[in-house]
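Source file: my_file_33.cif (mmCIF, C-alpha atoms)
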data_entry
loop_
_atom_site.label_atom_id
_atom_site.label_comp_id
_atom_site.auth_asym_id
_atom_site.auth_seq_id
_atom_site.Cartn_x
_atom_site.Cartn_y
_atom_site.Cartn_z
CA MET A 67 -23.84 56.14 -129.95
CA ALA A 68 -21.21 54.62 -127.66
CA HIS A 69 -22.26 53.91 -124.08
CA ARG A 70 -20.54 55.72 -121.23
CA PRO A 71 -18.17 53.41 -119.32
CA ILE A 72 -19.66 52.33 -116.00
CA ILE A 73 -17.66 51.86 -112.80
CA THR A 74 -19.31 50.70 -109.57
CA LEU A 75 -18.00 51.13 -106.04
CA THR A 76 -18.59 48.78 -103.11
CA THR A 77 -16.73 49.67 -99.90
CA ASP A 78 -16.87 49.73 -96.12
CA PHE A 79 -15.89 53.42 -96.12
CA GLY A 80 -19.25 54.90 -95.13
CA LEU A 81 -20.11 58.44 -96.19
CA ASN A 82 -18.89 60.51 -93.24
CA ASP A 83 -15.35 60.94 -94.58
CA HIS A 84 -13.78 62.01 -97.87
CA PHE A 85 -12.75 58.51 -99.00
CA VAL A 86 -15.49 57.81 -101.54
CA GLY A 87 -15.27 61.30 -103.01
CA ALA A 88 -11.51 61.01 -103.44
CA MET A 89 -11.88 57.70 -105.31
CA LYS A 90 -14.44 59.24 -107.63
CA GLY A 91 -12.16 62.20 -108.27
CA VAL A 92 -9.28 59.93 -109.29
CA ILE A 93 -11.55 57.98 -111.65
CA LEU A 94 -13.01 61.09 -113.28
CA ASP A 95 -9.56 62.62 -113.74
CA ILE A 96 -8.59 59.60 -115.87
CA VAL A 97 -11.90 58.91 -117.59
CA PRO A 98 -14.12 62.01 -117.28
CA GLU A 99 -17.02 60.44 -119.16
CA ALA A 100 -17.40 57.57 -116.69
CA ALA A 101 -20.69 56.92 -114.95
CA ILE A 102 -19.88 56.01 -111.34
CA VAL A 103 -22.50 54.00 -109.45
CA ASP A 104 -22.44 53.39 -105.71
CA VAL A 105 -23.46 49.82 -104.93
CA SER A 106 -22.89 50.26 -101.19
CA HIS A 107 -20.55 52.04 -98.83
CA ALA A 108 -22.23 50.52 -95.79
CA VAL A 109 -20.49 47.15 -95.86
CA GLN A 110 -19.63 46.32 -92.26
CA ALA A 111 -16.15 47.58 -91.46
CA PHE A 112 -13.41 45.02 -92.21
CA ASP A 113 -16.06 42.39 -93.02
CA VAL A 114 -14.91 40.60 -96.17
CA LEU A 115 -17.90 38.24 -96.18
CA ASP A 116 -20.33 41.16 -96.01
CA GLY A 117 -18.55 42.76 -98.96
CA ALA A 118 -18.65 39.47 -100.86
CA ILE A 119 -22.39 39.24 -100.32
CA ALA A 120 -22.98 42.84 -101.41
CA ILE A 121 -21.14 42.64 -104.73
CA SER A 122 -22.46 39.16 -105.55
CA GLN A 123 -26.02 40.42 -105.19
CA ALA A 124 -25.54 43.46 -107.45
CA TYR A 125 -22.93 42.96 -110.17
CA SER A 126 -24.95 40.96 -112.70
CA TYR A 127 -27.65 43.63 -113.03
CA PHE A 128 -25.22 45.99 -114.76
CA PRO A 129 -24.48 46.11 -118.49
CA ASN A 130 -21.68 43.99 -119.90
CA GLY A 131 -18.38 45.81 -119.71
CA THR A 132 -19.03 47.33 -116.28
CA VAL A 133 -15.99 47.59 -114.02
CA HIS A 134 -16.78 46.73 -110.39
CA VAL A 135 -14.47 48.05 -107.68
CA VAL A 136 -14.71 46.30 -104.30
CA VAL A 137 -12.65 47.72 -101.45
CA VAL A 138 -13.08 45.95 -98.13
CA ASP A 139 -9.44 45.79 -97.27
CA PRO A 140 -8.31 45.16 -93.68
CA GLY A 141 -4.92 44.11 -95.09
CA VAL A 142 -4.22 47.42 -96.85
CA GLY A 143 -0.49 48.17 -96.90
CA THR A 144 0.52 44.54 -96.40
CA THR A 145 1.72 42.02 -98.98
CA ARG A 146 -1.84 41.09 -100.03
CA ARG A 147 -2.15 41.50 -103.79
CA PRO A 148 -4.26 43.90 -105.82
CA ILE A 149 -6.09 41.89 -108.48
CA ILE A 150 -8.27 42.17 -111.56
CA ALA A 151 -10.77 39.34 -111.94
CA SER A 152 -12.42 39.16 -115.35
CA SER A 153 -15.50 37.18 -116.34
CA ASP A 154 -17.14 37.06 -119.75
CA GLY A 155 -19.07 40.23 -118.96
CA TYR A 156 -17.30 42.18 -116.22
CA HIS A 157 -14.04 43.26 -114.63
CA PHE A 158 -13.66 43.25 -110.83
CA VAL A 159 -10.91 45.26 -109.13
CA ALA A 160 -10.25 44.31 -105.52
CA PRO A 161 -7.72 43.20 -102.93
CA ASP A 162 -6.92 39.49 -103.07
CA ASN A 163 -8.53 38.67 -99.73
CA GLY A 164 -11.55 36.62 -100.74
CA VAL A 165 -13.96 39.54 -101.14
CA LEU A 166 -14.83 38.24 -104.63
CA SER A 167 -15.45 34.67 -103.45
CA MET A 168 -19.20 34.71 -104.05
CA VAL A 169 -18.65 36.13 -107.53
CA TYR A 170 -16.19 33.32 -108.26
CA ALA A 171 -18.86 30.84 -107.17
CA LYS A 172 -21.43 32.28 -109.58
CA GLU A 173 -19.26 32.71 -112.67
CA GLU A 174 -18.27 29.76 -114.86
CA ARG A 175 -15.03 31.33 -116.09
CA MET A 176 -12.85 33.82 -114.27
CA HIS A 177 -9.37 35.04 -115.14
CA VAL A 178 -7.54 36.62 -112.23
CA ARG A 179 -4.46 38.80 -112.62
CA HIS A 180 -2.07 40.07 -110.00
CA VAL A 181 -1.65 43.77 -110.76
CA THR A 182 2.06 44.52 -110.78
CA SER A 183 2.25 47.33 -113.37
CA ASP A 184 2.46 50.14 -110.85
CA HIS A 185 2.73 52.86 -113.50
CA TYR A 186 -1.07 52.66 -113.56
CA PHE A 187 -1.21 53.62 -109.89
CA ARG A 188 -1.63 57.13 -108.58
CA GLN A 189 1.73 58.24 -107.20
CA PRO A 190 2.80 58.36 -104.48
CA VAL A 191 0.86 55.36 -103.22
CA SER A 192 -0.41 55.76 -99.67
CA ASN A 193 0.10 52.75 -97.40
CA THR A 194 -3.38 53.27 -95.97
CA PHE A 195 -5.56 54.29 -98.94
CA HIS A 196 -5.19 51.88 -101.83
CA GLY A 197 -8.81 52.54 -102.75
CA ARG A 198 -7.72 55.95 -104.03
CA ASP A 199 -4.20 55.22 -105.24
CA VAL A 200 -4.41 51.66 -106.59
CA PHE A 201 -7.94 50.36 -107.16
CA ALA A 202 -9.57 53.55 -108.47
CA PRO A 203 -6.96 54.20 -111.20
CA ILE A 204 -6.88 50.52 -112.22
CA ALA A 205 -10.64 50.65 -112.70
CA ALA A 206 -10.43 53.89 -114.64
CA TYR A 207 -7.85 52.53 -117.08
CA LEU A 208 -9.89 49.37 -117.56
CA ALA A 209 -12.88 51.59 -118.34
CA LYS A 210 -10.67 53.34 -120.92
CA GLN A 211 -10.27 49.95 -122.62
CA VAL A 212 -6.70 49.24 -121.50
CA ASP A 213 -6.31 45.46 -121.92
CA SER A 214 -6.34 43.63 -118.60
CA HIS A 215 -3.23 41.59 -119.54
CA LYS A 216 -1.17 44.79 -119.43
CA PHE A 217 -1.66 45.05 -115.66
CA GLY A 218 0.06 41.81 -114.68
CA GLU A 219 0.28 38.07 -115.01
CA GLU A 220 -2.58 35.66 -114.52
CA VAL A 221 -2.56 33.74 -111.23
CA GLU A 222 -4.32 30.60 -110.04
CA ASP A 223 -3.69 30.85 -106.28
CA TYR A 224 -6.03 33.75 -105.62
CA VAL A 225 -7.81 33.79 -102.27
CA ARG A 226 -11.33 32.41 -102.12
CA PHE A 227 -13.51 30.98 -99.41
CA ALA A 228 -16.76 29.04 -99.34
CA ALA A 229 -19.67 30.95 -97.86
CA PRO A 230 -21.27 29.21 -94.87
CA ARG A 231 -23.75 26.53 -95.95
CA PRO A 232 -26.58 24.91 -93.99
CA LYS A 233 -25.62 21.57 -92.44
CA PRO A 234 -27.67 18.49 -91.50
CA ALA A 235 -28.07 18.14 -87.76
CA GLY A 236 -29.87 14.81 -87.50
CA ASP A 237 -33.07 13.53 -89.08
CA ASN A 238 -35.05 16.35 -90.69
CA ARG A 239 -33.00 18.97 -88.87
CA ILE A 240 -30.83 21.62 -90.47
CA ARG A 241 -28.46 24.02 -88.79
CA ALA A 242 -28.02 27.34 -90.57
CA VAL A 243 -26.80 30.84 -89.74
CA VAL A 244 -27.76 34.49 -90.16
CA LEU A 245 -25.49 35.95 -92.85
CA LYS A 246 -26.50 39.57 -92.36
CA VAL A 247 -29.16 41.91 -91.04
CA ASP A 248 -30.52 44.44 -93.51
CA ARG A 249 -31.55 47.99 -92.64
CA PHE A 250 -35.14 46.87 -92.00
CA GLY A 251 -33.99 44.37 -89.39
CA ASN A 252 -34.67 41.34 -91.59
CA LEU A 253 -32.43 38.38 -90.77
CA ILE A 254 -30.90 37.07 -94.00
CA THR A 255 -30.05 33.40 -93.48
CA ASN A 256 -27.86 31.17 -95.65
CA VAL A 257 -30.80 28.86 -96.50
CA THR A 258 -31.87 28.61 -100.14
CA PRO A 259 -34.79 26.67 -101.68
CA GLN A 260 -32.24 24.14 -102.94
CA ASP A 261 -31.11 23.47 -99.38
CA VAL A 262 -34.58 22.85 -97.93
CA PRO A 263 -37.05 22.49 -100.83
CA ALA A 264 -39.88 21.28 -98.56
CA LEU A 265 -39.84 24.59 -96.72
CA PHE A 266 -40.73 26.53 -99.85
CA SER A 267 -43.25 24.15 -101.43
CA ASP A 268 -46.94 25.02 -101.80
CA LYS A 269 -47.72 22.71 -98.89
CA PRO A 270 -44.59 22.65 -96.71
CA GLY A 271 -46.03 20.51 -93.95
CA ALA A 272 -45.03 20.91 -90.34
CA PHE A 273 -41.84 22.85 -89.61
CA LYS A 274 -40.36 25.19 -87.09
CA ILE A 275 -37.48 27.60 -87.41
CA ALA A 276 -35.75 28.57 -84.18
CA VAL A 277 -33.76 31.79 -84.20
CA GLY A 278 -32.88 33.87 -81.18
CA ASN A 279 -35.74 33.69 -78.71
CA LYS A 280 -38.45 32.89 -81.27
CA GLU A 281 -39.82 29.89 -83.11
CA VAL A 282 -41.19 30.61 -86.57
CA THR A 283 -43.88 28.32 -87.98
CA GLU A 284 -45.15 30.28 -90.98
CA ILE A 285 -43.76 31.15 -94.41
CA ARG A 286 -45.26 34.20 -96.11
CA THR A 287 -44.98 35.41 -99.71
CA ALA A 288 -45.17 39.14 -98.88
CA TYR A 289 -44.10 41.16 -95.86
CA ALA A 290 -47.59 42.66 -95.52
CA ASP A 291 -49.27 39.23 -95.38
CA ALA A 292 -48.57 38.99 -91.65
CA ALA A 293 -50.00 40.96 -88.76
CA PRO A 294 -47.93 43.97 -87.66
CA GLY A 295 -45.01 42.76 -85.57
CA GLN A 296 -45.55 39.09 -86.42
CA VAL A 297 -42.34 37.15 -87.16
CA PHE A 298 -42.34 34.81 -90.16
CA GLY A 299 -40.14 33.33 -92.86
CA ILE A 300 -40.05 34.60 -96.43
CA LEU A 301 -37.98 33.91 -99.54
CA GLY A 302 -36.28 37.25 -100.08
CA SER A 303 -34.97 38.87 -103.24
CA MET A 304 -31.43 37.68 -102.45
CA GLY A 305 -32.60 34.09 -102.90
CA TYR A 306 -32.26 33.24 -99.21
CA LEU A 307 -34.72 32.52 -96.43
CA GLU A 308 -35.30 35.68 -94.43
CA ILE A 309 -36.73 35.87 -90.94
CA ALA A 310 -38.81 39.02 -91.07
CA ALA A 311 -41.59 40.88 -89.30
CA ASN A 312 -44.28 43.08 -90.75
CA ARG A 313 -43.26 46.72 -90.23
CA ALA A 314 -40.89 45.81 -87.42
CA PRO A 315 -37.24 44.74 -87.08
CA ALA A 316 -37.15 40.96 -86.69
CA SER A 317 -33.62 41.28 -85.33
CA GLN A 318 -34.88 43.18 -82.27
CA ILE A 319 -37.94 40.99 -81.76
CA THR A 320 -35.91 37.76 -81.88
CA GLY A 321 -32.76 39.07 -80.24
CA ALA A 322 -30.77 37.58 -83.12
CA ASN A 323 -28.06 39.18 -85.19
CA LYS A 324 -25.44 38.36 -87.78
CA GLY A 325 -23.86 35.01 -86.92
CA SER A 326 -26.82 33.79 -84.88
CA GLU A 327 -27.68 30.13 -85.31
CA VAL A 328 -30.85 29.17 -87.18
CA SER A 329 -32.29 25.71 -86.49
CA ILE A 330 -34.87 24.23 -88.86
CA VAL A 331 -36.90 21.17 -87.95
CA LEU A 332 -39.18 19.47 -90.48
CA GLY A 333 -41.92 16.88 -90.24
CA ASP A 334 -42.94 14.86 -87.20
CA ALA A 335 -40.42 16.42 -84.82
CA ALA A 336 -41.72 19.88 -85.65
CA ALA A 337 -45.34 18.78 -85.29
CA ALA A 338 -44.57 17.21 -81.92
CA GLY A 339 -42.93 20.42 -80.79
CA LYS A 340 -46.02 22.41 -81.77
CA SER A 341 -48.38 20.18 -79.85
CA ALA A 342 -46.21 19.97 -76.73
#
In structure tokens, what does this structure look like?
Amino acid sequence: MAHRPIITLTTDFGLNDHFVGAMKGVILDIVPEAAIVDVSHAVQAFDVLDGAIAISQAYSYFPNGTVHVVVVDPGVGTTRRPIIASSDGYHFVAPDNGVLSMVYAKEERMHVRHVTSDHYFRQPVSNTFHGRDVFAPIAAYLAKQVDSHKFGEEVEDYVRFAAPRPKPAGDNRIRAVVLKVDRFGNLITNVTPQDVPALFSDKPGAFKIAVGNKEVTEIRTAYADAAPGQVFGILGSMGYLEIAANRAPASQITGANKGSEVSIVLGDAAAAGKSA
């Protein structure tokens, strides 16, 4: 039995307005058998990096052939291009503003096309709602097995950016940043085990992590391993160091938020700081 085509939606539209429903209606009008999955509609408004993080964390868990629509589009109505980016397993439909940058970084091969075949669009095209009139119908036709090359020519100059990476800040010191705050108040940093392997070893040695008004000196393996309200570090499911608290929002306890600096000190300097 053939599988139903799957289309996912990732937007900054929220759920208070009709926007998401209208996109789904356009898709179902073209491909009624589609299964539409909401990845997130709570991407921070206009925040292309937040959208890039959201789709990069979710897309690979879907079956091959899934069409992912990502609409975080502060440039809607301007000359920014609508694109289809195709990997070996997926199609991505999005504005060409870098919102797929973290997908590009993960995939070995990507073919990106500038969508110029406007007969696939819903007419008339609104200047302010390309999610409904451009991206939703493109995704629906892709789900109906229309070949991606029919939408436009391949391009090489598509927009991409490098996500913020931790940087050395002197001997055994690393400067990092909070990428996002999740709904539990956990601070998701940009630090991976590859960046600071000593921090995630069985015996990490002395370290301290300064964020907001707190210094963290413990890494836990489960949120419940700490006392209620205690702030600690943990390797989260996104593959990044999180600053968390047991049953409490670490963001409020530390006074930190998205964009806050995270300073990591390892070894003797950290030990000296503890004993001072």
Problem - For atom CA of Lys90 of chain A and atom CA of Leu208 of chain A, the interatomic separation in Å (one decimal) - result: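 If I compute the distance from atom CA of Lys90 of chain A to atom CA of Leu208 of chain A, I get 14.7 Å.
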For the file shown, what are the residues hit by the PyMOL selection byres ((chain A and resi 221-225) around 6), laid out as a PDB file with C-alpha atoms, in the frame of the given file?
ATOM      1  CA  ASP A 162      -6.920  39.490-103.070  1.00  0.00           C
ATOM      2  CA  ASN A 163      -8.530  38.670 -99.730  1.00  0.00           C
ATOM      3  CA  GLY A 164     -11.550  36.620-100.740  1.00  0.00           C
ATOM      4  CA  VAL A 178      -7.540  36.620-112.230  1.00  0.00           C
ATOM      5  CA  ARG A 179      -4.460  38.800-112.620  1.00  0.00           C
ATOM      6  CA  GLU A 220      -2.580  35.660-114.520  1.00  0.00           C
ATOM      7  CA  ARG A 226     -11.330  32.410-102.120  1.00  0.00           C
TER       8      ARG A 226
END
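Atom to atom, atom CA of Tyr127 of chain A and atom CA of Ser152 of chain A stand 16.0 Å apart.
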Exercise for the section: Evaluate the PyMOL selection byres ((chain A and resi 86-89) around 10) on the structure here and hand back the selected residues as an NGL selection string. Expected result: :A and (75-85 or 90-94 or 104 or 107 or 195-203)
Handout entry: Residue IDs satisfying the PyMOL selection byres ((chain A and resi 274) around 6), as a PyMOL selection string
Key = chain A and resi 273+275+282-283+330-331+336
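Atom pair atom CA of Val103 of chain A / atom CA of Ala205 of chain A: separated by 12.7 Å.
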Exercise for the section: Pick out the residues sitting within 6 Å of Gly251 of chain A, and hand them over as an NGL selection string; count all atoms listed in the file, and ignore anything fewer than 4 positions along from it in its own chain. Expected result: :A and (247 or 315-317)
Take the residues from that selection and put them in a file with C-alpha atoms, as an mmCIF file, in the frame of the given file.
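Saved file selection_26.cif follows:
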data_model
loop_
_atom_site.group_PDB
_atom_site.id
_atom_site.type_symbol
_atom_site.label_atom_id
_atom_site.label_comp_id
_atom_site.auth_asym_id
_atom_site.auth_seq_id
_atom_site.Cartn_x
_atom_site.Cartn_y
_atom_site.Cartn_z
ATOM 1 C CA VAL A 247 -29.160 41.910 -91.040
ATOM 2 C CA PRO A 315 -37.240 44.740 -87.080
ATOM 3 C CA ALA A 316 -37.150 40.960 -86.690
ATOM 4 C CA SER A 317 -33.620 41.280 -85.330
#
Exercise for the section: Might you pull out every residue within 12 Å of Asn323 of chain A, with all atoms listed in the file counted and same-chain residues fewer than 6 positions away left off, and present them as a ChimeraX atom specification? Expected result: /A:243-248,251-255,277-279,309,315-317
Handout entry: Among listed residues A:Pro190, A:Pro98, A:Gly271, A:Gly117, nearest Ala229 of chain A (using only C-alpha atoms)
Key =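 With only C-alpha atoms as the atom set, the closest residue is A:Gly117.
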Practice task
Find, counting all atoms listed in the file, the residue in A:Ser167, A:Val328, A:Asp213, A:Ile149 that gets nearest to Arg239 of chain A.
Solution key: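 Nearest candidate to Arg239 of chain A out of A:Ser167, A:Val328, A:Asp213, A:Ile149: A:Val328.
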Exercise for the section: Counting all atoms listed in the file, figure out which residue out of A:Tyr156, A:Ala124, A:Val97, A:Asn193 gets nearest to Gly143 of chain A. Expected result: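 For Gly143 of chain A, the nearest of the candidates is A:Asn193.
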Exercise for the section: Name the closest residue to Gly295 of chain A among the candidates A:Lys280, A:Ala311, A:Thr194, A:Ser329; distances are taken between atoms, counting only C-alpha atoms. Expected result: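 Ranked by minimum distance to Gly295 of chain A, first place goes to A:Ala311.
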